[in-house]
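K.L.:
Contents of work-v9.csv (CSV, C-alpha atoms):
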```csv
chain,number,residue,atom,x,y,z
A,1,MET,CA,-5.0,25.4,7.3
A,2,LYS,CA,-8.3,23.5,7.5
A,3,SER,CA,-8.8,19.7,7.5
A,4,PHE,CA,-11.8,17.6,7.0
A,5,ARG,CA,-12.5,13.8,7.2
A,6,LYS,CA,-15.3,11.6,6.2
A,7,GLU,CA,-15.8,7.9,5.4
A,8,LEU,CA,-17.6,6.2,2.5
A,9,TRP,CA,-19.1,2.7,3.2
A,10,PHE,CA,-19.7,-0.1,0.7
A,11,THR,CA,-21.2,-3.5,0.7
A,12,THR,CA,-20.8,-4.8,-2.9
A,13,SER,CA,-23.1,-7.5,-4.1
A,14,LYS,CA,-20.2,-9.2,-5.9
A,15,ARG,CA,-16.9,-10.5,-4.7
A,16,TYR,CA,-15.1,-8.4,-7.4
A,17,GLU,CA,-16.5,-5.0,-8.3
A,18,PHE,CA,-15.6,-1.5,-9.2
A,19,VAL,CA,-17.8,1.4,-7.9
A,20,ARG,CA,-17.5,5.0,-9.2
A,21,ILE,CA,-17.1,7.4,-6.3
A,22,THR,CA,-16.1,10.7,-8.1
A,23,ASP,CA,-19.4,12.4,-7.1
A,24,ALA,CA,-19.3,11.2,-3.5
A,25,VAL,CA,-15.8,12.6,-3.1
A,26,GLN,CA,-16.7,15.9,-4.7
A,27,ALA,CA,-19.7,16.2,-2.3
A,28,ILE,CA,-17.3,15.7,0.6
A,29,ILE,CA,-15.0,18.5,-0.8
A,30,ASP,CA,-18.1,20.7,-1.1
A,31,GLU,CA,-19.0,20.0,2.5
A,32,SER,CA,-15.5,20.8,3.7
A,33,GLY,CA,-15.5,24.3,2.3
A,34,ILE,CA,-11.9,23.8,1.2
A,35,SER,CA,-11.1,25.4,-2.2
A,36,GLU,CA,-7.3,24.9,-2.5
A,37,GLY,CA,-5.6,21.8,-1.2
A,38,LEU,CA,-5.0,18.1,-1.4
A,39,CYS,CA,-7.6,15.3,-1.1
A,40,LEU,CA,-6.5,11.8,0.0
A,41,VAL,CA,-8.9,9.0,-0.8
A,42,ASN,CA,-7.8,5.6,0.4
A,43,ALA,CA,-9.2,2.1,1.0
A,44,MET,CA,-9.2,1.4,4.8
A,45,HIS,CA,-9.2,-2.4,4.0
A,46,ILE,CA,-6.2,-4.3,2.6
A,47,THR,CA,-8.2,-6.3,0.0
A,48,ALA,CA,-9.6,-3.2,-1.7
A,49,SER,CA,-8.2,-0.3,-3.9
A,50,VAL,CA,-8.9,3.2,-4.8
A,51,PHE,CA,-7.8,4.1,-8.3
A,52,ILE,CA,-8.4,6.7,-11.1
A,53,ASN,CA,-9.2,5.6,-14.6
A,54,ASP,CA,-11.8,5.7,-17.3
A,55,ASN,CA,-15.5,5.0,-16.7
A,56,GLU,CA,-15.9,2.5,-19.5
A,57,SER,CA,-17.4,-1.0,-18.8
A,58,GLY,CA,-15.3,-2.8,-21.5
A,59,LEU,CA,-12.1,-1.5,-19.8
A,60,HIS,CA,-13.3,-2.5,-16.4
A,61,GLN,CA,-13.9,-6.0,-17.7
A,62,ASP,CA,-10.3,-5.9,-19.1
A,63,TYR,CA,-9.0,-4.9,-15.7
A,64,MET,CA,-10.8,-7.7,-14.0
A,65,GLU,CA,-9.6,-10.4,-16.5
A,66,TRP,CA,-6.0,-9.0,-16.5
A,67,LEU,CA,-5.9,-9.0,-12.6
A,68,GLU,CA,-7.2,-12.6,-12.6
A,69,LYS,CA,-4.4,-13.6,-15.0
A,70,ILE,CA,-1.5,-11.9,-13.1
A,71,ALA,CA,-2.9,-12.6,-9.6
A,72,PRO,CA,-5.3,-15.5,-9.9
A,73,PHE,CA,-7.8,-16.7,-7.3
A,74,SER,CA,-6.8,-20.0,-5.7
A,75,THR,CA,-7.8,-21.6,-2.4
A,76,ARG,CA,-4.7,-23.8,-2.3
A,77,GLY,CA,-1.9,-22.0,-4.1
A,78,TYR,CA,-1.2,-19.4,-1.4
A,79,HIS,CA,0.5,-19.5,2.1
A,80,HIS,CA,-2.0,-16.9,3.3
A,81,ASN,CA,-5.0,-19.1,2.7
A,82,VAL,CA,-5.1,-21.0,6.0
A,83,GLY,CA,-8.6,-20.3,7.1
A,84,GLU,CA,-8.7,-17.6,4.3
A,85,ASP,CA,-9.3,-17.7,0.6
A,86,ASN,CA,-8.5,-14.1,-0.3
A,87,ALA,CA,-4.8,-14.0,-0.9
A,88,ASP,CA,-5.4,-13.1,-4.5
A,89,ALA,CA,-7.3,-10.0,-3.3
A,90,HIS,CA,-4.2,-8.7,-1.5
A,91,LEU,CA,-2.2,-9.0,-4.7
A,92,LYS,CA,-4.8,-7.5,-6.9
A,93,ARG,CA,-5.2,-4.5,-4.6
A,94,GLN,CA,-1.4,-4.0,-4.7
A,95,VAL,CA,-1.5,-3.7,-8.6
A,96,MET,CA,-4.5,-1.3,-8.5
A,97,GLY,CA,-3.2,0.7,-5.5
A,98,ARG,CA,-4.4,1.6,-2.0
A,99,GLU,CA,-4.9,5.4,-2.5
A,100,VAL,CA,-5.1,8.4,-4.7
A,101,VAL,CA,-4.1,11.9,-3.9
A,102,VAL,CA,-6.0,14.5,-5.9
A,103,ALA,CA,-5.5,18.3,-6.2
A,104,ILE,CA,-8.4,20.6,-5.2
A,105,THR,CA,-8.5,23.8,-7.2
A,106,GLY,CA,-11.3,26.4,-7.0
A,107,GLY,CA,-13.3,23.9,-4.8
A,108,ARG,CA,-13.3,21.2,-7.5
A,109,LEU,CA,-11.4,17.9,-8.1
A,110,ASP,CA,-8.7,19.2,-10.5
A,111,PHE,CA,-9.1,16.5,-13.1
A,112,GLY,CA,-8.3,15.8,-16.8
A,113,PRO,CA,-11.2,15.0,-19.2
A,114,TRP,CA,-11.6,11.3,-18.4
A,115,GLU,CA,-10.4,11.0,-14.9
A,116,GLN,CA,-12.9,9.2,-12.6
A,117,ILE,CA,-12.3,7.8,-9.1
A,118,PHE,CA,-13.2,4.2,-8.4
A,119,TYR,CA,-13.4,1.9,-5.4
A,120,GLY,CA,-12.0,-1.5,-6.3
A,121,GLU,CA,-13.4,-4.4,-4.3
A,122,PHE,CA,-11.6,-7.7,-4.5
A,123,ASP,CA,-13.2,-9.5,-1.5
A,124,GLY,CA,-16.7,-8.0,-1.2
A,125,ARG,CA,-20.1,-8.9,0.0
A,126,ARG,CA,-19.4,-7.3,3.4
A,127,ARG,CA,-19.2,-3.8,4.9
A,128,LYS,CA,-15.9,-2.0,4.0
A,129,ARG,CA,-14.9,1.6,3.9
A,130,VAL,CA,-12.9,4.4,2.2
A,131,LEU,CA,-11.4,7.4,4.0
A,132,VAL,CA,-11.5,10.8,2.5
A,133,LYS,CA,-9.1,13.3,4.2
A,134,ILE,CA,-8.8,16.8,2.9
A,135,ILE,CA,-6.3,19.5,3.9
A,136,GLY,CA,-6.1,23.1,2.5
A,137,GLU,CA,-7.8,26.4,2.8
B,1,MET,CA,-0.8,27.9,3.9
B,2,LYS,CA,0.1,28.6,0.3
B,3,SER,CA,-0.9,26.7,-2.8
B,4,PHE,CA,0.4,26.7,-6.4
B,5,ARG,CA,-0.7,25.0,-9.6
B,6,LYS,CA,0.9,24.5,-13.0
B,7,GLU,CA,0.6,22.1,-15.9
B,8,LEU,CA,3.3,20.5,-18.0
B,9,TRP,CA,2.4,19.6,-21.6
B,10,PHE,CA,3.8,16.8,-23.8
B,11,THR,CA,3.5,15.6,-27.3
B,12,THR,CA,5.8,12.6,-27.5
B,13,SER,CA,7.1,11.5,-30.9
B,14,LYS,CA,6.7,7.8,-30.0
B,15,ARG,CA,3.6,5.8,-28.8
B,16,TYR,CA,5.6,4.6,-25.7
B,17,GLU,CA,8.1,7.0,-24.2
B,18,PHE,CA,9.5,8.1,-20.9
B,19,VAL,CA,10.4,11.8,-20.4
B,20,ARG,CA,12.5,13.1,-17.4
B,21,ILE,CA,10.6,16.0,-15.7
B,22,THR,CA,12.6,16.4,-12.5
B,23,ASP,CA,14.0,19.8,-13.5
B,24,ALA,CA,10.6,21.1,-14.8
B,25,VAL,CA,9.0,20.2,-11.5
B,26,GLN,CA,11.8,21.8,-9.5
B,27,ALA,CA,11.4,25.0,-11.6
B,28,ILE,CA,7.7,25.1,-10.6
B,29,ILE,CA,8.6,24.7,-6.9
B,30,ASP,CA,11.0,27.6,-7.3
B,31,GLU,CA,8.3,29.7,-8.9
B,32,SER,CA,5.8,28.8,-6.1
B,33,GLY,CA,8.1,30.2,-3.4
B,34,ILE,CA,7.1,27.3,-1.1
B,35,SER,CA,9.9,25.9,0.9
B,36,GLU,CA,8.2,23.3,3.2
B,37,GLY,CA,5.3,21.2,1.9
B,38,LEU,CA,4.1,18.5,-0.4
B,39,CYS,CA,4.2,18.4,-4.2
B,40,LEU,CA,1.7,16.3,-6.1
B,41,VAL,CA,2.6,15.4,-9.7
B,42,ASN,CA,0.0,13.5,-11.6
B,43,ALA,CA,-0.9,12.5,-15.2
B,44,MET,CA,-4.2,14.1,-16.2
B,45,HIS,CA,-4.7,11.4,-18.8
B,46,ILE,CA,-5.6,7.8,-18.0
B,47,THR,CA,-3.1,6.2,-20.4
B,48,ALA,CA,-0.1,7.9,-18.9
B,49,SER,CA,1.9,7.7,-15.7
B,50,VAL,CA,4.1,9.7,-13.4
B,51,PHE,CA,6.7,7.7,-11.6
B,52,ILE,CA,10.1,8.0,-9.8
B,53,ASN,CA,13.0,5.8,-10.6
B,54,ASP,CA,16.5,5.8,-12.1
B,55,ASN,CA,17.6,7.8,-15.1
B,56,GLU,CA,19.2,4.9,-16.9
B,57,SER,CA,18.4,4.0,-20.5
B,58,GLY,CA,18.9,0.2,-20.1
B,59,LEU,CA,16.5,0.2,-17.2
B,60,HIS,CA,13.9,2.1,-19.2
B,61,GLN,CA,14.2,-0.4,-22.0
B,62,ASP,CA,13.7,-3.2,-19.3
B,63,TYR,CA,10.5,-1.4,-18.0
B,64,MET,CA,9.1,-1.1,-21.6
B,65,GLU,CA,9.8,-4.8,-22.4
B,66,TRP,CA,8.4,-5.9,-19.0
B,67,LEU,CA,5.2,-3.8,-19.4
B,68,GLU,CA,4.7,-5.3,-22.9
B,69,LYS,CA,5.0,-8.8,-21.4
B,70,ILE,CA,2.6,-8.3,-18.5
B,71,ALA,CA,0.2,-6.0,-20.3
B,72,PRO,CA,0.6,-6.6,-24.1
B,73,PHE,CA,-0.6,-4.4,-26.9
B,74,SER,CA,-3.4,-6.1,-28.9
B,75,THR,CA,-6.1,-4.7,-31.1
B,76,ARG,CA,-8.3,-7.7,-30.6
B,77,GLY,CA,-7.7,-9.1,-27.2
B,78,TYR,CA,-9.5,-6.4,-25.1
B,79,HIS,CA,-13.1,-5.5,-24.6
B,80,HIS,CA,-12.1,-1.8,-24.4
B,81,ASN,CA,-10.8,-1.9,-28.0
B,82,VAL,CA,-14.1,-1.1,-29.8
B,83,GLY,CA,-13.0,2.0,-31.8
B,84,GLU,CA,-9.9,2.1,-29.6
B,85,ASP,CA,-6.6,0.3,-29.6
B,86,ASN,CA,-5.2,1.5,-26.4
B,87,ALA,CA,-6.5,-0.9,-23.7
B,88,ASP,CA,-2.9,-2.0,-23.0
B,89,ALA,CA,-2.0,1.7,-22.2
B,90,HIS,CA,-4.6,1.7,-19.4
B,91,LEU,CA,-3.1,-1.4,-17.9
B,92,LYS,CA,0.5,-0.3,-18.3
B,93,ARG,CA,-0.3,3.0,-16.6
B,94,GLN,CA,-1.8,1.2,-13.7
B,95,VAL,CA,1.4,-0.7,-13.1
B,96,MET,CA,3.6,2.4,-13.3
B,97,GLY,CA,1.1,4.6,-11.4
B,98,ARG,CA,-0.8,7.8,-11.9
B,99,GLU,CA,1.0,10.1,-9.5
B,100,VAL,CA,3.8,10.8,-7.1
B,101,VAL,CA,3.7,12.8,-3.9
B,102,VAL,CA,7.1,14.4,-3.1
B,103,ALA,CA,8.3,16.2,0.0
B,104,ILE,CA,9.6,19.8,-0.4
B,105,THR,CA,12.3,20.7,2.2
B,106,GLY,CA,14.3,23.9,2.1
B,107,GLY,CA,12.7,24.7,-1.3
B,108,ARG,CA,14.1,21.6,-2.9
B,109,LEU,CA,12.6,18.2,-4.0
B,110,ASP,CA,13.6,16.1,-1.0
B,111,PHE,CA,15.1,13.2,-2.9
B,112,GLY,CA,17.5,10.3,-2.4
B,113,PRO,CA,20.6,10.1,-4.6
B,114,TRP,CA,19.1,8.4,-7.7
B,115,GLU,CA,15.4,9.6,-7.6
B,116,GLN,CA,14.2,11.2,-10.8
B,117,ILE,CA,10.7,12.0,-11.8
B,118,PHE,CA,9.4,10.7,-15.2
B,119,TYR,CA,6.4,11.1,-17.3
B,120,GLY,CA,5.4,7.7,-18.7
B,121,GLU,CA,3.5,7.9,-22.0
B,122,PHE,CA,1.8,4.7,-23.3
B,123,ASP,CA,-0.5,6.2,-26.0
B,124,GLY,CA,1.5,9.2,-27.3
B,125,ARG,CA,1.8,11.3,-30.4
B,126,ARG,CA,-0.8,13.8,-29.2
B,127,ARG,CA,-1.0,16.6,-26.7
B,128,LYS,CA,-1.3,15.4,-23.1
B,129,ARG,CA,-0.5,17.0,-19.7
B,130,VAL,CA,0.7,16.6,-16.2
B,131,LEU,CA,-0.6,18.6,-13.2
B,132,VAL,CA,1.8,19.9,-10.5
B,133,LYS,CA,0.0,21.0,-7.3
B,134,ILE,CA,2.0,22.3,-4.4
B,135,ILE,CA,0.8,23.1,-0.9
B,136,GLY,CA,2.9,24.4,2.0
B,137,GLU,CA,4.6,27.5,3.3
C,1,MET,CA,0.7,25.1,9.0
C,2,LYS,CA,3.5,23.0,10.5
C,3,SER,CA,5.9,20.6,8.8
C,4,PHE,CA,8.2,17.9,10.1
C,5,ARG,CA,10.8,15.7,8.5
C,6,LYS,CA,12.7,12.6,9.7
C,7,GLU,CA,14.5,9.7,8.1
C,8,LEU,CA,14.4,6.0,9.0
C,9,TRP,CA,17.5,3.9,8.2
C,10,PHE,CA,17.6,0.2,7.4
C,11,THR,CA,20.3,-2.4,6.7
C,12,THR,CA,18.4,-5.6,6.1
C,13,SER,CA,20.2,-8.9,6.6
C,14,LYS,CA,18.5,-10.4,3.5
C,15,ARG,CA,18.4,-9.3,-0.1
C,16,TYR,CA,14.6,-9.3,-0.1
C,17,GLU,CA,12.8,-8.4,3.1
C,18,PHE,CA,9.7,-6.7,4.5
C,19,VAL,CA,10.1,-4.6,7.7
C,20,ARG,CA,7.1,-3.3,9.7
C,21,ILE,CA,7.5,0.4,10.4
C,22,THR,CA,4.0,1.5,11.6
C,23,ASP,CA,5.2,2.2,15.2
C,24,ALA,CA,8.3,4.1,14.0
C,25,VAL,CA,6.1,6.3,11.8
C,26,GLN,CA,3.6,6.9,14.6
C,27,ALA,CA,6.5,7.9,16.9
C,28,ILE,CA,7.6,10.5,14.3
C,29,ILE,CA,4.0,11.8,14.2
C,30,ASP,CA,4.0,12.0,18.0
C,31,GLU,CA,7.3,13.9,17.9
C,32,SER,CA,6.0,16.3,15.3
C,33,GLY,CA,3.1,17.5,17.5
C,34,ILE,CA,0.9,17.5,14.4
C,35,SER,CA,-2.7,16.3,15.1
C,36,GLU,CA,-4.5,16.9,11.8
C,37,GLY,CA,-2.7,16.5,8.4
C,38,LEU,CA,-1.1,14.3,5.9
C,39,CYS,CA,2.0,12.0,6.4
C,40,LEU,CA,4.1,11.0,3.3
C,41,VAL,CA,6.3,7.9,3.8
C,42,ASN,CA,8.5,7.1,0.9
C,43,ALA,CA,11.5,5.0,0.0
C,44,MET,CA,14.5,7.3,-0.9
C,45,HIS,CA,16.0,4.5,-2.9
C,46,ILE,CA,14.7,3.2,-6.2
C,47,THR,CA,15.0,-0.5,-5.4
C,48,ALA,CA,12.8,-0.3,-2.3
C,49,SER,CA,9.1,0.2,-1.6
C,50,VAL,CA,6.9,1.5,1.1
C,51,PHE,CA,3.4,-0.1,1.1
C,52,ILE,CA,0.4,-0.8,3.4
C,53,ASN,CA,-1.0,-4.2,3.9
C,54,ASP,CA,-1.5,-7.0,6.4
C,55,ASN,CA,1.1,-8.1,9.0
C,56,GLU,CA,0.8,-11.8,8.2
C,57,SER,CA,3.9,-13.9,7.4
C,58,GLY,CA,2.1,-16.3,5.0
C,59,LEU,CA,0.9,-13.3,2.9
C,60,HIS,CA,4.4,-11.8,2.9
C,61,GLN,CA,5.7,-15.1,1.5
C,62,ASP,CA,3.0,-14.9,-1.1
C,63,TYR,CA,4.1,-11.4,-2.1
C,64,MET,CA,7.7,-12.4,-2.4
C,65,GLU,CA,6.9,-15.5,-4.6
C,66,TRP,CA,4.4,-13.5,-6.7
C,67,LEU,CA,6.9,-10.7,-7.3
C,68,GLU,CA,9.6,-13.2,-8.3
C,69,LYS,CA,7.2,-14.7,-10.8
C,70,ILE,CA,6.1,-11.5,-12.5
C,71,ALA,CA,9.5,-9.7,-12.2
C,72,PRO,CA,12.2,-12.5,-11.8
C,73,PHE,CA,15.8,-12.0,-10.7
C,74,SER,CA,18.2,-12.6,-13.6
C,75,THR,CA,21.8,-11.5,-14.1
C,76,ARG,CA,21.5,-11.8,-17.9
C,77,GLY,CA,17.9,-11.1,-18.9
C,78,TYR,CA,18.0,-7.3,-18.4
C,79,HIS,CA,19.6,-4.4,-20.2
C,80,HIS,CA,20.1,-2.6,-16.9
C,81,ASN,CA,22.4,-5.4,-15.6
C,82,VAL,CA,25.7,-4.2,-17.0
C,83,GLY,CA,27.8,-4.0,-13.8
C,84,GLU,CA,24.5,-4.4,-11.9
C,85,ASP,CA,22.3,-7.4,-11.0
C,86,ASN,CA,19.4,-5.6,-9.5
C,87,ALA,CA,17.1,-4.8,-12.5
C,88,ASP,CA,14.4,-7.1,-11.0
C,89,ALA,CA,14.5,-4.9,-7.8
C,90,HIS,CA,13.5,-1.8,-9.8
C,91,LEU,CA,10.5,-3.7,-11.3
C,92,LYS,CA,9.4,-5.3,-8.0
C,93,ARG,CA,9.5,-1.9,-6.3
C,94,GLN,CA,7.3,-0.5,-9.1
C,95,VAL,CA,4.6,-3.1,-8.3
C,96,MET,CA,4.7,-2.5,-4.6
C,97,GLY,CA,5.0,1.3,-4.9
C,98,ARG,CA,7.4,4.0,-3.8
C,99,GLU,CA,5.3,5.8,-1.2
C,100,VAL,CA,2.2,5.9,0.9
C,101,VAL,CA,0.2,9.0,2.0
C,102,VAL,CA,-1.6,8.5,5.2
C,103,ALA,CA,-4.1,10.7,7.0
C,104,ILE,CA,-3.4,11.9,10.6
C,105,THR,CA,-6.5,12.4,12.7
C,106,GLY,CA,-6.4,13.3,16.4
C,107,GLY,CA,-2.6,12.8,16.3
C,108,ARG,CA,-2.9,9.1,15.1
C,109,LEU,CA,-2.4,7.3,11.9
C,110,ASP,CA,-6.0,7.2,10.6
C,111,PHE,CA,-6.1,3.4,9.7
C,112,GLY,CA,-8.5,0.6,9.1
C,113,PRO,CA,-8.3,-2.4,11.4
C,114,TRP,CA,-5.5,-4.3,9.5
C,115,GLU,CA,-3.5,-1.5,7.9
C,116,GLN,CA,0.2,-1.7,8.7
C,117,ILE,CA,3.1,0.2,7.0
C,118,PHE,CA,6.0,-1.8,5.6
C,119,TYR,CA,9.4,-1.1,4.1
C,120,GLY,CA,9.9,-3.4,1.2
C,121,GLU,CA,13.6,-4.1,0.4
C,122,PHE,CA,14.5,-5.8,-2.9
C,123,ASP,CA,18.2,-5.1,-3.0
C,124,GLY,CA,19.3,-5.1,0.6
C,125,ARG,CA,22.3,-5.8,2.8
C,126,ARG,CA,23.4,-2.1,2.7
C,127,ARG,CA,22.3,1.1,4.4
C,128,LYS,CA,19.1,2.6,2.8
C,129,ARG,CA,16.5,5.0,4.1
C,130,VAL,CA,12.9,6.1,4.2
C,131,LEU,CA,11.7,9.7,4.4
C,132,VAL,CA,8.8,10.7,6.6
C,133,LYS,CA,7.4,14.2,5.9
C,134,ILE,CA,4.4,15.5,7.7
C,135,ILE,CA,2.4,18.6,7.1
C,136,GLY,CA,-0.6,19.8,9.1
C,137,GLU,CA,-1.5,21.5,12.4
```
Just give me the structure as structure tokens.

P.N.:
Amino acid sequence: MKSFRKELWFTTSKRYEFVRITDAVQAIIDESGISEGLCLVNAMHITASVFINDNESGLHQDYMEWLEKIAPFSTRGYHHNVGEDNADAHLKRQVMGREVVVAITGGRLDFGPWEQIFYGEFDGRRRKRVLVKIIGE
Amino acid sequence: MKSFRKELWFTTSKRYEFVRITDAVQAIIDESGISEGLCLVNAMHITASVFINDNESGLHQDYMEWLEKIAPFSTRGYHHNVGEDNADAHLKRQVMGREVVVAITGGRLDFGPWEQIFYGEFDGRRRKRVLVKIIGE
Amino acid sequence: MKSFRKELWFTTSKRYEFVRITDAVQAIIDESGISEGLCLVNAMHITASVFINDNESGLHQDYMEWLEKIAPFSTRGYHHNVGEDNADAHLKRQVMGREVVVAITGGRLDFGPWEQIFYGEFDGRRRKRVLVKIIGE
């Protein structure tokens, strides 16, 4: 069994932002030399997500508006916001998820036709990172 | 380390539907010959889910009604719905999840008493698939 | 490839409760002797969650109030509640998730600065358990 580990770093220009990372993850798989296995991709910060969905800007806008509706930003409505203002980011990240686990088959992300991996930032404008850990052969 | 891969295909008769796939996944584990490891089960489409919960029809109706409340169907209320009408399915899938990772112990799904795996379809009536990827020994 | 399996048992004193289990999971990794691999931590019951977020009491209160808002307790409002009163727990668990998959690097949980693992109980006051399954080398 082989294992491989690498980090991806982000500083988004906006507080809320989705960043497509499919190609960056595939490049790490290529570098690992692992052709059959599992690839874990997770946010290492608790106000950010990694998720898989469609690369379509209208849909991303829908996600952002929907998340704001079910987990709204507020400086006063949360217990967490004592010296913080990012409680909403913790809730939004929980809806979108911390991690994805992806199959590697023949050295490639084993994906359906529209699957793309995204980093979901809900409290951005500072350096944060994603972990990619691969095990296999 | 061994690895094994197989797909499950579905064409649901309804737009929204849950399909129990526990036995189908166990059959793939049997076929793999892997007795200790991890089993990834993921929707390969971005308007469908794989999740683990109870096999109880009242609860499934509760899930469907709840999803409709927090992520309602609408042909006009979403940016994604230009030539599409399935934006709600992308949101519903995000709540229910893309994938589950299940332990394999002694050749069996290592489950609690009520755990069952379901395929969750939110934009059905066409051919879609689930990936089962197993690694272990 | 090595694998290792252990259960954690809980009887919470409250119906809804979060329990930090990071150290208990690390102790199982230590016991396994596995230094590079993946660690699956999942609730074996369908009204409980395992999730990763911040160990901050105000935030935990925010999670509980938010979950009650989007998936409220009701003895009468759910189809599942025939002889049951825990339908809300099944919904809350779906938002918070069944499982986490965590990288093991150098024998340690490969975590960002604030990541902590929690058991999320939504129908407590009875014995329930979490599975820890590790594969690696």

K.L.:
Determine, using all atoms listed in the file, which residues of region 33-78 of chain B have any atom at most 6 Å from an atom of region 91-105 of chain B, and tabulate each with its shortest atom pair and distance in Å to one decimal place, rows ordered by chain and then rising number, as JSON lines.

P.N.:
```
{"residue": "B:Ser35", "atom": "CA", "partner": "B:Thr105", "partner_atom": "CA", "distance": 5.9}
{"residue": "B:Glu36", "atom": "CA", "partner": "B:Thr105", "partner_atom": "CA", "distance": 5.0}
{"residue": "B:Gly37", "atom": "CA", "partner": "B:Ile104", "partner_atom": "CA", "distance": 5.1}
{"residue": "B:Leu38", "atom": "CA", "partner": "B:Ala103", "partner_atom": "CA", "distance": 4.8}
{"residue": "B:Cys39", "atom": "CA", "partner": "B:Val102", "partner_atom": "CA", "distance": 5.1}
{"residue": "B:Leu40", "atom": "CA", "partner": "B:Val101", "partner_atom": "CA", "distance": 4.6}
{"residue": "B:Val41", "atom": "CA", "partner": "B:Val100", "partner_atom": "CA", "distance": 5.4}
{"residue": "B:Asn42", "atom": "CA", "partner": "B:Glu99", "partner_atom": "CA", "distance": 4.1}
{"residue": "B:Ala43", "atom": "CA", "partner": "B:Arg98", "partner_atom": "CA", "distance": 5.7}
{"residue": "B:Thr47", "atom": "CA", "partner": "B:Arg93", "partner_atom": "CA", "distance": 5.7}
{"residue": "B:Ala48", "atom": "CA", "partner": "B:Arg93", "partner_atom": "CA", "distance": 5.4}
{"residue": "B:Ser49", "atom": "CA", "partner": "B:Arg98", "partner_atom": "CA", "distance": 4.7}
{"residue": "B:Val50", "atom": "CA", "partner": "B:Glu99", "partner_atom": "CA", "distance": 5.0}
{"residue": "B:Leu67", "atom": "CA", "partner": "B:Lys92", "partner_atom": "CA", "distance": 6.0}
```

K.L.:
Go ahead and save the picked residues with C-alpha atoms, as a tab-separated table (two decimals), keeping the file's coordinate frame.

P.N.:
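Final output, saved to part_36.tsv:
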```tsv
chain	number	residue	atom	x	y	z
B	35	SER	CA	9.90	25.90	0.90
B	36	GLU	CA	8.20	23.30	3.20
B	37	GLY	CA	5.30	21.20	1.90
B	38	LEU	CA	4.10	18.50	-0.40
B	39	CYS	CA	4.20	18.40	-4.20
B	40	LEU	CA	1.70	16.30	-6.10
B	41	VAL	CA	2.60	15.40	-9.70
B	42	ASN	CA	0.00	13.50	-11.60
B	43	ALA	CA	-0.90	12.50	-15.20
B	47	THR	CA	-3.10	6.20	-20.40
B	48	ALA	CA	-0.10	7.90	-18.90
B	49	SER	CA	1.90	7.70	-15.70
B	50	VAL	CA	4.10	9.70	-13.40
B	67	LEU	CA	5.20	-3.80	-19.40
```

K.L.:
List every residue of chain B that has an atom at most 6 Å from any atom of chain A, giving for each one its closest atom pair and the distance in Å to one decimal, counting only C-alpha atoms, sorted by chain and then by ascending residue number, as JSON lines.

P.N.:
```
{"residue": "B:Met1", "atom": "CA", "partner": "A:Met1", "partner_atom": "CA", "distance": 6.0}
{"residue": "B:Met44", "atom": "CA", "partner": "A:Gly112", "partner_atom": "CA", "distance": 4.5}
{"residue": "B:Ile46", "atom": "CA", "partner": "A:Asn53", "partner_atom": "CA", "distance": 5.4}
{"residue": "B:His79", "atom": "CA", "partner": "A:Gly58", "partner_atom": "CA", "distance": 4.7}
{"residue": "B:His80", "atom": "CA", "partner": "A:Gly58", "partner_atom": "CA", "distance": 4.4}
```

K.L.:
Would you kindly return, as a list in words, each protein, DNA or RNA residue with an atom no farther than 9 Å from any atom of Ser74 (chain C), considering only C-alpha atoms and excluding same-chain residues fewer than 6 positions away?

P.N.:
Asn81, Asp85, Asn86, Ala87 and Asp88 of chain C

K.L.:
Compare C:Ile34, C:Leu131, C:Thr22, C:Glu68 by their minimum atom-to-atom distance to Phe118 (chain C), counting only C-alpha atoms, and give me the closest one.

P.N.:
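Checking each candidate against Phe118 (chain C), we get C:Thr22 as the closest.
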
K.L.:
Please provide as a VMD selection string all residues within 8 Å of Lys14 (chain B), with the sequence filter that same-chain residues fewer than 3 positions apart are discarded (counting only C-alpha atoms).

P.N.:
chain B and resid 17 124 to 125

K.L.:
To one decimal place in Å, what is the distance between CA of Val130 (chain B) and CA of Val25 (chain A)?

P.N.:
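Separation of CA of Val130 (chain B) and CA of Val25 (chain A): 21.4 Å.
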
K.L.:
Can you tell me how far CA of Thr75 (chain C) sits from CA of Thr12 (chain C), in Å to one decimal?

P.N.:
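CA of Thr12 (chain C) lies at a distance of 21.3 Å from CA of Thr75 (chain C).
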
K.L.:
For CA of Ala71 (chain A) and CA of Phe122 (chain A), quote the distance in Å rounded to one decimal.

P.N.:
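Between CA of Ala71 (chain A) and CA of Phe122 (chain A) the gap works out to 11.2 Å.
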
K.L.:
Can you pull out the residues contacting Ile28 (chain B)? Cut-off 9 Å, using only C-alpha atoms, and skip same-chain residues under 3 positions away; I want them as a VMD selection string.

P.N.:
chain B and resid 4 to 6 23 to 25 31 to 33 132 134

K.L.:
Need the axis-aligned box for region 11-21 of chain B with 6 Å each side, so what are the centre and edges in Å to one decimal, as AutoDock Vina command-line options?

P.N.:
```
--center_x 8.0 --center_y 10.3 --center_z -23.3 --size_x 21.0 --size_y 23.4 --size_z 27.2
```
